[in-house]
>>> print(open('protein19.cif').read())   # mmCIF, C-alpha atoms and all ligand atoms
data_my_file
loop_
_atom_site.label_atom_id
_atom_site.label_comp_id
_atom_site.auth_asym_id
_atom_site.auth_seq_id
_atom_site.Cartn_x
_atom_site.Cartn_y
_atom_site.Cartn_z
CA MET A 1 212.02 -75.91 -122.86
CA PRO A 2 212.14 -73.67 -119.78
CA PRO A 3 210.39 -70.28 -119.82
CA VAL A 4 212.56 -67.23 -120.47
CA SER A 5 213.00 -64.19 -118.29
CA PRO A 6 214.51 -61.36 -120.32
CA THR A 7 216.00 -58.37 -118.53
CA ARG A 8 216.65 -56.67 -121.84
CA ILE A 9 214.11 -55.88 -124.56
CA LEU A 10 213.99 -54.19 -127.93
CA LEU A 11 211.19 -51.65 -127.98
CA GLU A 12 210.24 -49.84 -131.20
CA SER A 13 209.94 -46.20 -130.23
CA SER A 14 209.01 -45.01 -133.74
CA SER A 15 207.91 -46.90 -136.81
CA HIS A 16 207.83 -43.70 -138.85
CA CYS A 17 210.72 -42.73 -141.07
CA GLN A 18 211.25 -39.69 -143.27
CA LEU A 19 213.71 -41.37 -145.67
CA ARG A 20 212.88 -43.61 -148.62
CA CYS A 21 215.75 -46.10 -148.75
CA PRO A 22 214.95 -48.36 -151.75
CA SER A 23 215.33 -51.78 -150.06
CA CYS A 24 213.85 -50.87 -146.69
CA PRO A 25 210.52 -52.49 -145.73
CA THR A 26 209.59 -49.32 -143.82
CA ALA A 27 209.94 -47.26 -147.01
CA THR A 28 208.12 -49.78 -149.21
CA GLY A 29 205.28 -50.16 -146.70
CA ALA A 30 205.98 -53.86 -146.13
CA ILE A 31 205.93 -53.30 -142.34
CA ASP A 32 202.48 -51.73 -142.34
CA ALA A 33 200.33 -54.83 -141.86
CA ALA A 34 202.17 -56.24 -138.83
CA ILE A 35 203.87 -53.24 -137.25
CA GLY A 36 201.70 -50.32 -138.30
CA ARG A 37 202.77 -46.71 -137.90
CA GLY A 38 203.10 -45.17 -134.49
CA PHE A 39 205.24 -43.96 -131.63
CA LEU A 40 205.94 -45.36 -128.18
CA THR A 41 204.41 -42.94 -125.69
CA ALA A 42 206.14 -41.81 -122.51
CA ARG A 43 203.07 -42.99 -120.59
CA ASN A 44 203.28 -46.53 -121.94
CA PHE A 45 207.03 -46.61 -121.34
CA GLU A 46 206.60 -45.57 -117.71
CA HIS A 47 203.83 -48.16 -117.33
CA LEU A 48 206.04 -50.87 -118.79
CA LEU A 49 209.01 -50.11 -116.54
CA THR A 50 206.79 -49.84 -113.46
CA HIS A 51 205.30 -53.28 -114.01
CA ASN A 52 208.48 -54.96 -115.22
CA PRO A 53 211.11 -54.00 -112.66
CA GLN A 54 213.39 -56.78 -113.90
CA LEU A 55 214.12 -54.76 -117.07
CA ARG A 56 217.65 -53.37 -117.02
CA GLU A 57 218.17 -52.42 -120.65
CA VAL A 58 216.01 -51.24 -123.55
CA GLU A 59 216.98 -50.84 -127.20
CA LEU A 60 214.78 -48.13 -128.71
CA SER A 61 215.46 -48.27 -132.46
CA ASN A 62 214.36 -50.65 -135.16
CA TYR A 63 212.25 -50.03 -138.27
CA GLY A 64 211.64 -46.30 -137.81
CA GLU A 65 213.59 -43.19 -136.81
CA ILE A 66 213.58 -42.61 -133.06
CA LEU A 67 214.28 -38.89 -133.42
CA LEU A 68 210.85 -38.42 -134.99
CA ASN A 69 209.19 -39.51 -131.75
CA PRO A 70 207.86 -36.27 -130.19
CA GLU A 71 208.16 -37.81 -126.69
CA LEU A 72 211.72 -39.10 -127.04
CA SER A 73 213.11 -36.66 -124.45
CA ALA A 74 210.50 -37.73 -121.88
CA ILE A 75 211.19 -41.42 -122.61
CA LEU A 76 214.92 -40.92 -122.06
CA GLU A 77 214.25 -39.00 -118.85
CA ILE A 78 212.10 -41.86 -117.52
CA ALA A 79 214.81 -44.44 -118.25
CA HIS A 80 217.45 -42.24 -116.65
CA ARG A 81 215.37 -41.68 -113.51
CA ARG A 82 214.81 -45.43 -113.16
CA GLY A 83 218.40 -46.41 -113.88
CA VAL A 84 217.49 -48.37 -117.03
CA ILE A 85 220.12 -48.39 -119.78
CA VAL A 86 218.79 -47.29 -123.16
CA ARG A 87 220.45 -47.68 -126.54
CA ALA A 88 219.75 -46.90 -130.20
CA ASP A 89 221.97 -49.51 -131.84
CA ASN A 90 219.67 -50.92 -134.48
CA GLY A 91 220.18 -47.59 -136.16
CA VAL A 92 219.22 -43.95 -136.50
CA ASN A 93 219.50 -41.90 -139.67
CA LEU A 94 220.04 -38.66 -137.70
CA ASN A 95 218.62 -36.42 -140.40
CA SER A 96 216.06 -34.64 -138.24
CA ALA A 97 217.36 -33.86 -134.81
CA PRO A 98 215.61 -31.21 -132.72
CA GLU A 99 218.02 -29.52 -130.33
CA ALA A 100 215.93 -30.58 -127.30
CA ALA A 101 216.16 -34.23 -128.36
CA LEU A 102 219.93 -34.08 -128.89
CA GLU A 103 220.30 -32.40 -125.51
CA ALA A 104 218.18 -35.15 -123.88
CA ILE A 105 220.19 -37.89 -125.61
CA VAL A 106 223.35 -36.61 -123.93
CA ARG A 107 221.91 -35.33 -120.64
CA PHE A 108 220.00 -38.55 -119.93
CA GLY A 109 222.89 -40.74 -121.04
CA LEU A 110 221.61 -42.74 -124.01
CA ARG A 111 224.35 -45.35 -123.80
CA SER A 112 225.14 -45.89 -127.48
CA MET A 113 223.86 -44.87 -130.88
CA THR A 114 224.49 -46.44 -134.28
CA CYS A 115 224.27 -43.95 -137.15
CA SER A 116 223.49 -45.32 -140.60
CA ILE A 117 225.84 -43.43 -142.94
CA ASP A 118 226.48 -45.31 -146.17
CA GLY A 119 228.96 -43.00 -147.80
CA ALA A 120 231.57 -40.31 -147.22
CA SER A 121 230.15 -37.67 -149.58
CA PRO A 122 226.68 -36.11 -150.06
CA GLU A 123 226.12 -37.65 -153.50
CA THR A 124 227.10 -41.19 -152.54
CA TYR A 125 225.19 -41.06 -149.25
CA ALA A 126 221.94 -39.90 -150.92
CA THR A 127 222.02 -42.70 -153.52
CA TYR A 128 220.58 -45.08 -150.93
CA ARG A 129 219.46 -42.75 -148.12
CA VAL A 130 216.91 -41.09 -150.40
CA ARG A 131 215.70 -37.73 -149.00
CA GLY A 132 218.63 -37.73 -146.56
CA SER A 133 221.43 -35.17 -146.30
CA PHE A 134 224.99 -36.25 -145.51
CA ASP A 135 225.93 -32.74 -144.38
CA ARG A 136 222.99 -32.58 -141.99
CA VAL A 137 223.88 -35.95 -140.44
CA ILE A 138 227.52 -34.97 -139.94
CA ALA A 139 226.43 -31.64 -138.44
CA ASN A 140 224.22 -33.54 -135.97
CA VAL A 141 227.07 -35.89 -135.03
CA LYS A 142 229.23 -32.83 -134.35
CA ARG A 143 226.45 -31.31 -132.26
CA ILE A 144 226.23 -34.48 -130.15
CA ASN A 145 230.00 -34.41 -129.69
CA ALA A 146 229.81 -30.78 -128.56
CA LEU A 147 227.07 -31.63 -126.05
CA LYS A 148 229.10 -34.60 -124.76
CA ALA A 149 232.01 -32.22 -124.16
CA LEU A 150 229.71 -29.69 -122.50
CA HIS A 151 228.25 -32.28 -120.13
CA ALA A 152 231.61 -34.07 -119.72
CA SER A 153 229.85 -37.31 -120.69
CA PRO A 154 231.19 -40.27 -122.71
CA TYR A 155 227.62 -41.07 -123.81
CA PRO A 156 226.27 -41.85 -126.26
CA VAL A 157 229.08 -43.94 -127.65
CA LEU A 158 228.75 -43.32 -131.40
CA LEU A 159 229.05 -45.95 -134.10
CA TRP A 160 229.17 -45.28 -137.86
CA GLN A 161 227.42 -48.11 -139.71
CA PHE A 162 228.25 -48.31 -143.41
CA VAL A 163 226.16 -50.70 -145.54
CA VAL A 164 228.42 -51.59 -148.47
CA PHE A 165 227.03 -51.25 -152.01
CA GLY A 166 228.54 -51.01 -155.47
CA HIS A 167 228.06 -47.23 -155.48
CA ASN A 168 229.82 -46.58 -152.17
CA GLU A 169 232.53 -49.25 -151.79
CA HIS A 170 235.21 -46.81 -153.04
CA GLU A 171 234.46 -44.54 -150.07
CA LEU A 172 235.05 -47.17 -147.37
CA GLY A 173 238.49 -45.76 -146.56
CA ALA A 174 237.34 -42.14 -146.50
CA ALA A 175 234.35 -43.01 -144.30
CA ARG A 176 236.54 -44.92 -141.87
CA ALA A 177 238.89 -41.93 -141.59
CA ARG A 178 235.98 -39.51 -141.12
CA ALA A 179 234.49 -41.74 -138.42
CA ALA A 180 237.81 -41.70 -136.55
CA GLU A 181 237.94 -37.89 -136.79
CA LEU A 182 234.46 -37.75 -135.26
CA GLY A 183 235.29 -40.20 -132.47
CA MET A 184 233.03 -42.90 -133.92
CA THR A 185 233.62 -46.63 -134.18
CA PHE A 186 233.39 -47.76 -137.81
CA HIS A 187 231.30 -50.79 -138.71
CA PRO A 188 230.92 -51.85 -142.37
CA LYS A 189 228.06 -54.24 -143.06
CA LEU A 190 226.82 -56.39 -145.96
CA SER A 191 223.57 -55.28 -147.58
CA TRP A 192 220.61 -57.60 -147.10
CA ASP A 193 219.47 -56.86 -150.67
CA SER A 194 222.25 -57.85 -153.04
CA SER A 195 220.12 -56.92 -156.06
CA PHE A 196 220.29 -53.19 -155.24
CA SER A 197 223.61 -51.66 -156.36
CA PRO A 198 225.57 -54.93 -156.00
CA VAL A 199 229.22 -54.69 -154.98
CA ARG A 200 231.66 -54.36 -157.88
CA ASP A 201 235.04 -54.75 -156.24
CA ARG A 202 234.35 -58.16 -154.77
CA ALA A 203 237.92 -58.77 -153.63
CA ARG A 204 238.03 -55.54 -151.66
CA VAL A 205 234.70 -56.12 -149.94
CA THR A 206 235.54 -59.75 -149.23
CA ALA A 207 238.84 -58.67 -147.64
CA GLU A 208 236.89 -56.23 -145.48
CA LEU A 209 233.87 -58.38 -144.53
CA GLY A 210 234.73 -62.00 -145.27
CA ALA A 211 232.28 -62.14 -148.20
CA ALA A 212 230.92 -59.85 -150.91
CA THR A 213 227.25 -60.74 -150.33
CA ARG A 214 225.19 -62.38 -147.61
CA GLU A 215 224.66 -65.37 -149.90
CA GLU A 216 228.43 -65.83 -150.19
CA PHE A 217 228.78 -65.36 -146.44
CA ARG A 218 226.36 -68.23 -145.89
CA ASP A 219 228.22 -70.47 -148.33
CA ALA A 220 231.56 -69.65 -146.71
CA LYS A 221 230.52 -69.80 -143.05
CA GLY A 222 227.68 -72.30 -143.15
CA THR A 223 225.28 -69.96 -141.37
CA THR A 224 223.14 -66.95 -142.27
CA TYR A 225 224.79 -63.50 -141.92
CA MET A 226 222.33 -62.23 -139.31
CA SER A 227 221.40 -65.57 -137.78
CA LYS A 228 222.23 -64.31 -134.28
CA ILE A 229 219.00 -62.31 -134.41
CA CYS A 230 217.06 -65.47 -133.52
CA HIS A 231 218.56 -65.44 -130.01
CA GLN A 232 216.42 -62.37 -129.32
CA LEU A 233 213.49 -64.73 -128.78
CA TRP A 234 215.29 -65.84 -125.62
CA ASP A 235 217.42 -62.88 -124.51
CA SER A 236 215.96 -59.61 -125.75
CA PRO A 237 212.58 -59.93 -127.44
CA GLN A 238 211.27 -57.21 -129.71
CA VAL A 239 208.19 -55.37 -128.48
CA ASN A 240 206.23 -53.15 -130.87
CA TRP A 241 205.50 -49.47 -130.14
CA ASP A 242 201.97 -50.52 -129.09
CA GLY A 243 203.16 -53.35 -126.84
CA ARG A 244 202.60 -56.32 -129.13
CA MET A 245 205.20 -59.05 -128.85
CA LEU A 246 207.13 -59.29 -132.13
CA GLY A 247 209.86 -61.65 -130.91
CA CYS A 248 212.79 -60.32 -132.91
CA CYS A 249 213.82 -57.18 -134.78
CA ARG A 250 213.57 -58.89 -138.20
CA ASN A 251 209.95 -59.89 -137.85
CA PHE A 252 207.43 -57.80 -139.77
CA TRP A 253 205.04 -60.63 -140.64
CA GLY A 254 202.87 -60.81 -137.55
CA ASP A 255 202.92 -60.78 -133.76
CA PHE A 256 203.22 -63.58 -131.22
CA GLY A 257 199.76 -63.21 -129.75
CA ALA A 258 200.45 -61.26 -126.57
CA ASN A 259 200.82 -57.63 -125.54
CA ALA A 260 203.66 -56.80 -123.15
CA PHE A 261 201.94 -53.60 -122.00
CA ASP A 262 198.95 -55.70 -120.89
CA VAL A 263 200.40 -58.92 -119.50
CA GLY A 264 204.03 -58.01 -118.84
CA VAL A 265 207.25 -58.84 -120.66
CA ALA A 266 207.82 -62.26 -119.07
CA ALA A 267 204.30 -63.50 -119.85
CA ALA A 268 204.40 -62.10 -123.41
CA ALA A 269 207.82 -63.65 -123.99
CA ASN A 270 206.38 -67.01 -122.92
CA SER A 271 203.18 -66.95 -124.96
CA GLU A 272 202.28 -70.22 -126.63
CA LYS A 273 203.49 -68.90 -130.01
CA MET A 274 206.80 -67.70 -128.58
CA ARG A 275 207.40 -71.08 -126.94
CA HIS A 276 206.56 -72.89 -130.17
CA ALA A 277 208.84 -70.55 -132.17
CA ARG A 278 211.76 -71.26 -129.82
CA ARG A 279 211.17 -74.99 -130.26
CA MET A 280 211.08 -74.48 -134.05
CA LEU A 281 214.36 -72.60 -133.95
CA VAL A 282 216.19 -75.33 -132.08
CA GLY A 283 214.78 -77.90 -134.53
CA LYS A 284 212.42 -79.55 -132.05
CA ALA A 285 209.05 -78.52 -133.48
CA PRO A 286 207.64 -78.26 -136.99
CA ALA A 287 206.98 -74.93 -138.69
CA ARG A 288 203.50 -73.54 -138.24
CA ASP A 289 201.79 -71.03 -140.51
CA ASP A 290 200.73 -68.78 -137.61
CA ILE A 291 204.32 -68.37 -136.38
CA PRO A 292 206.09 -65.39 -138.00
CA CYS A 293 209.40 -67.29 -138.30
CA SER A 294 207.71 -69.46 -140.95
CA SER A 295 207.80 -66.41 -143.26
CA CYS A 296 211.43 -65.58 -142.53
CA GLU A 297 214.34 -66.34 -144.86
CA ILE A 298 216.59 -66.93 -141.85
CA TYR A 299 214.34 -69.74 -140.61
CA HIS A 300 214.15 -71.23 -144.10
CA ALA A 301 217.95 -71.21 -144.34
CA ARG A 302 218.18 -72.85 -140.91
CA ALA A 303 215.67 -75.56 -141.85
CA GLU A 304 217.40 -76.21 -145.16
CA SER A 305 220.75 -76.94 -143.58
CA SER A 306 219.65 -78.01 -140.08
CA ASP A 307 221.55 -74.97 -138.78
CA TRP A 308 219.49 -74.85 -135.62
CA VAL A 309 219.92 -72.34 -132.82
CA GLU A 310 222.28 -73.54 -130.13
CA ARG A 311 221.79 -72.09 -126.69
CA PRO A 312 224.55 -72.04 -124.10
CA ALA A 313 224.10 -75.29 -122.18
CA THR A 314 226.07 -74.11 -119.15
CA SER A 315 223.58 -71.43 -118.23
CA PHE A 316 220.53 -73.62 -118.84
CA ARG A 317 219.73 -74.30 -115.18
CA LYS A 318 220.42 -70.76 -114.13
CA ARG A 319 218.13 -69.36 -116.82
CA ALA A 320 215.38 -71.78 -115.87
CA ARG A 321 215.69 -70.76 -112.21
CA LEU A 322 215.58 -67.04 -113.02
CA ALA A 323 212.64 -67.50 -115.36
CA MET A 324 210.65 -69.48 -112.78
CA ARG A 325 211.40 -66.81 -110.17
CA THR A 326 210.17 -63.96 -112.40
CA LEU A 327 207.08 -65.85 -113.44
CA GLY A 328 206.42 -66.71 -109.78
CA ARG A 329 206.65 -63.05 -108.82
CA THR A 330 204.27 -62.06 -111.62
CA LEU A 331 201.81 -64.77 -110.66
CA GLY A 332 202.13 -63.82 -106.98
CA ARG A 333 201.33 -60.21 -107.74
CA THR A 334 198.34 -61.30 -109.79
CA LEU A 335 196.98 -63.63 -107.11
CA LEU A 336 197.48 -61.01 -104.40
CA GLY A 337 195.69 -58.41 -106.49
CA VAL A 338 198.70 -56.08 -106.61
CA SER A 339 198.43 -53.60 -109.51
CA GLY A 340 194.72 -54.19 -109.79
CA GLY A 341 195.04 -57.96 -110.26
CA ARG A 342 196.72 -57.55 -113.64
CA MET A 343 199.26 -55.12 -114.82
CA GLY A 344 196.89 -52.22 -114.65
CA PRO A 345 194.87 -50.86 -117.55
CA ARG A 346 196.22 -50.92 -121.05
CA THR A 347 197.40 -47.41 -121.79
CA VAL A 348 197.60 -47.47 -125.56
CA ALA A 349 194.70 -47.08 -127.92
CA PRO A 350 194.09 -50.38 -129.71
S1 LIG A 401 213.68 -67.01 -137.84
FE1 LIG A 401 213.51 -64.87 -138.52
S2 LIG A 401 211.62 -64.13 -137.53
FE2 LIG A 401 212.24 -66.00 -136.43
S3 LIG A 401 213.53 -65.30 -134.73
FE3 LIG A 401 214.92 -65.78 -136.44
S4 LIG A 401 215.21 -63.83 -137.51
FE4 LIG A 401 213.38 -63.62 -136.21
#
>>> encode(input="protein19.cif", output="C-alpha cells", more="lines below")
Ligand code: SF4
Amino acid sequence: MPPVSPTRILLESSSHCQLRCPSCPTATGAIDAAIGRGFLTARNFEHLLTHNPQLREVELSNYGEILLNPELSAILEIAHRRGVIVRADNGVNLNSAPEAALEAIVRFGLRSMTCSIDGASPETYATYRVRGSFDRVIANVKRINALKALHASPYPVLLWQFVVFGHNEHELGAARARAAELGMTFHPKLSWDSSFSPVRDRARVTAELGAATREEFRDAKGTTYMSKICHQLWDSPQVNWDGRMLGCCRNFWGDFGANAFDVGVAAAANSEKMRHARRMLVGKAPARDDIPCSSCEIYHARAESSDWVERPATSFRKRARLAMRTLGRTLGRTLLGVSGGRMGPRTVAP
C-alpha cells in the first residue's frame, strides 16, 4: 500500500472534561491509560504547523472539552495567522465558556462547532450530561451568535448534535425547532451505548435515523454505524494532545508508535503500526495484538462480515504521488540538516 500524506488531522486539544456523562470513556476513566489527561499547548501547535506546512485543516475536539484548554485563544490565533482551518466538530459541551475564548472562537474564525445538546429542557438534558446546565449552554450559543453578528462573521457554523435516548426522544421535535431558532443545523445521532436509557418509541426513532440502535443499523445496512471513522487512518489521522499518533478518534487503547511532534505528521502517519493497521482494515493483513484496532468493536464487526474498508480507486495514483512528494520533502529537509536535522526539539514534557 502506498504511504499516506494527510493535509488534515484531528488533534486533541483537551482530554479533560468537567461533565460525567454515564457512557463516556472520558468520564469513566477508560481513556486514561492510552490518552492520559492534558492540553495541547500553543507552543506545540505552532511547532507542529511550522514543521508540517502541508497541513490545511485541524479538528481540535475529541474526548475532552476544548473550552477548558487555557491556551485555546492562542491556538486559534496561530491557526488564523497561518491560514489553517480549524474546527470543533467531534463535539463541545459548551458549559464553561470564558468570554475571551468565545471572542477568540469568532474573531479567529473557528470554521464550525458541533454542540452536544441531548435534550430541549434542563431536566432532560442533565439526565445524560451529568453536571451540565442546559440554560448555560443555550446562553453560550446565544453569546456566540451575538459575537458573530458583531464581527459580521458566518463562523463558526453551529451544529446541534442530539444523541437519542429513551429519556429524550420525545423532545426531538422541540430541539429541532430550538436549533432552527438559534441558527443551528440539527443532527440527531444514535447512542453508542444502547444499554443506557434505551429508546422506547422505536418506530419514531427508526423513522428519524433509519434504525433504533446501532446494532439494528448494522443489521439493516450491513455495515457499522460509525465505520467511516476508519478512513481517518488515511485521510485525517488523530494525534493526541502530546503528539502521539492515535490513528483515529475512536482509539483509546494505545498509540501507533510514533510522535507527530517529533517526527512530523507524514512520518507518524506512515509508522510501521499505521501501515499494518491500514492493511488490516482493507482485509490484507491479520490482526495483531499491538495494533489498537484489534481492541475495537468496529474492526471486529468488519472482520466478522468481511466488511473491509474500500478506498477510492480513482485517486489511488494521485494519493501515492502526493505521499511520495511529501515524504521526499521531509527526507530532503532531514538530509540537508534543515530544522536541526530533525523536526527540532520535542516541545512537550514526556
Ligand atoms: S477499527 Fe476502530 S480503532 Fe481501528 S481505525 Fe477503525 S474505528 Fe479506529
>>> axis_aligned_box(input="protein19.cif", around="ligand LIG 401 (chain A)", padding_each_side="6 Å", output="lines of an AutoDock Vina configuration file")
center_x = 213.4
center_y = -65.3
center_z = -136.6
size_x = 15.6
size_y = 15.4
size_z = 15.8
>>> residues_near_ligand(input="protein19.cif", ligand="ligand LIG 401 (chain A)", cutoff="12 Å", atoms="only C-alpha atoms and all ligand atoms", output="PyMOL selection string")
chain A and resi 224-238+245-256+273-283+287-288+290-303+307-309
>>> closest_residue(input="protein19.cif", among="A:Thr223, A:Thr7, A:Thr28, A:Ser153", to="Val84 (chain A)", atoms="only C-alpha atoms")
A:Thr7
>>> residues_around(input="protein19.cif", residues="Ala42 (chain A)", least_positions_apart="4", cutoff="7 Å", atoms="all atoms listed in the file", output="list in words")
Glu46, Glu71, Ala74 and Ile75 of chain A
>>> atom_distance(input="protein19.cif", atom1="CA of Gly91 (chain A)", atom2="CA of Ser191 (chain A)")
14.2 Å
>>> decode(input="protein19.cif", residues="region 215-241 of chain A", atoms="N, CA and C atoms", output="compact mmCIF listing (two decimals), in the first residue's frame")
# COMPACT_ATOMS: atom_id res chain seq x y z
N GLU A 215 -26.94 -1.48 16.67
CA GLU A 215 -26.97 -2.90 16.31
C GLU A 215 -27.96 -3.12 15.16
N GLU A 216 -29.14 -2.48 15.29
CA GLU A 216 -30.15 -2.60 14.22
C GLU A 216 -29.65 -1.95 12.94
N PHE A 217 -28.94 -0.85 13.08
CA PHE A 217 -28.40 -0.16 11.91
C PHE A 217 -27.48 -1.12 11.15
N ARG A 218 -26.64 -1.82 11.90
CA ARG A 218 -25.71 -2.75 11.26
C ARG A 218 -26.45 -3.88 10.55
N ASP A 219 -27.49 -4.40 11.20
CA ASP A 219 -28.27 -5.47 10.57
C ASP A 219 -28.94 -4.97 9.29
N ALA A 220 -29.45 -3.72 9.36
CA ALA A 220 -30.20 -3.19 8.21
C ALA A 220 -29.27 -2.79 7.06
N LYS A 221 -28.14 -2.19 7.40
CA LYS A 221 -27.28 -1.61 6.35
C LYS A 221 -26.07 -2.48 6.01
N GLY A 222 -25.79 -3.46 6.84
CA GLY A 222 -24.66 -4.34 6.54
C GLY A 222 -23.31 -3.74 6.87
N THR A 223 -23.32 -2.61 7.57
CA THR A 223 -22.04 -2.01 7.99
C THR A 223 -22.24 -1.32 9.33
N THR A 224 -21.14 -1.10 10.05
CA THR A 224 -21.23 -0.49 11.38
C THR A 224 -21.58 0.99 11.26
N TYR A 225 -22.36 1.50 12.24
CA TYR A 225 -22.87 2.88 12.20
C TYR A 225 -21.76 3.91 11.97
N MET A 226 -20.65 3.76 12.67
CA MET A 226 -19.58 4.76 12.56
C MET A 226 -18.37 4.22 11.80
N SER A 227 -18.62 3.29 10.88
CA SER A 227 -17.48 2.63 10.22
C SER A 227 -16.61 3.59 9.41
N LYS A 228 -17.19 4.75 9.04
CA LYS A 228 -16.39 5.70 8.25
C LYS A 228 -15.16 6.21 9.02
N ILE A 229 -15.23 6.09 10.35
CA ILE A 229 -14.11 6.56 11.17
C ILE A 229 -12.79 5.95 10.70
N CYS A 230 -12.82 4.71 10.26
CA CYS A 230 -11.58 4.01 9.89
C CYS A 230 -10.81 4.75 8.79
N HIS A 231 -11.52 5.50 7.95
CA HIS A 231 -10.84 6.23 6.87
C HIS A 231 -9.87 7.30 7.42
N GLN A 232 -10.06 7.64 8.70
CA GLN A 232 -9.14 8.63 9.28
C GLN A 232 -7.69 8.15 9.25
N LEU A 233 -7.49 6.86 9.25
CA LEU A 233 -6.11 6.35 9.20
C LEU A 233 -5.42 6.74 7.89
N TRP A 234 -6.21 7.06 6.88
CA TRP A 234 -5.65 7.50 5.60
C TRP A 234 -5.72 9.04 5.47
N ASP A 235 -6.90 9.59 5.80
CA ASP A 235 -7.19 10.98 5.40
C ASP A 235 -6.97 12.03 6.49
N SER A 236 -7.23 11.67 7.73
CA SER A 236 -7.16 12.68 8.80
C SER A 236 -6.85 12.01 10.13
N PRO A 237 -5.63 11.54 10.29
CA PRO A 237 -5.30 10.78 11.50
C PRO A 237 -5.42 11.60 12.78
N GLN A 238 -5.77 10.88 13.84
CA GLN A 238 -5.90 11.52 15.15
C GLN A 238 -4.53 11.59 15.84
N VAL A 239 -4.20 12.79 16.29
CA VAL A 239 -2.96 13.00 17.05
C VAL A 239 -3.35 13.39 18.47
N ASN A 240 -2.68 12.81 19.45
CA ASN A 240 -3.02 13.12 20.84
C ASN A 240 -2.50 14.50 21.22
N TRP A 241 -2.96 15.03 22.34
CA TRP A 241 -2.54 16.35 22.81
C TRP A 241 -1.03 16.43 23.02
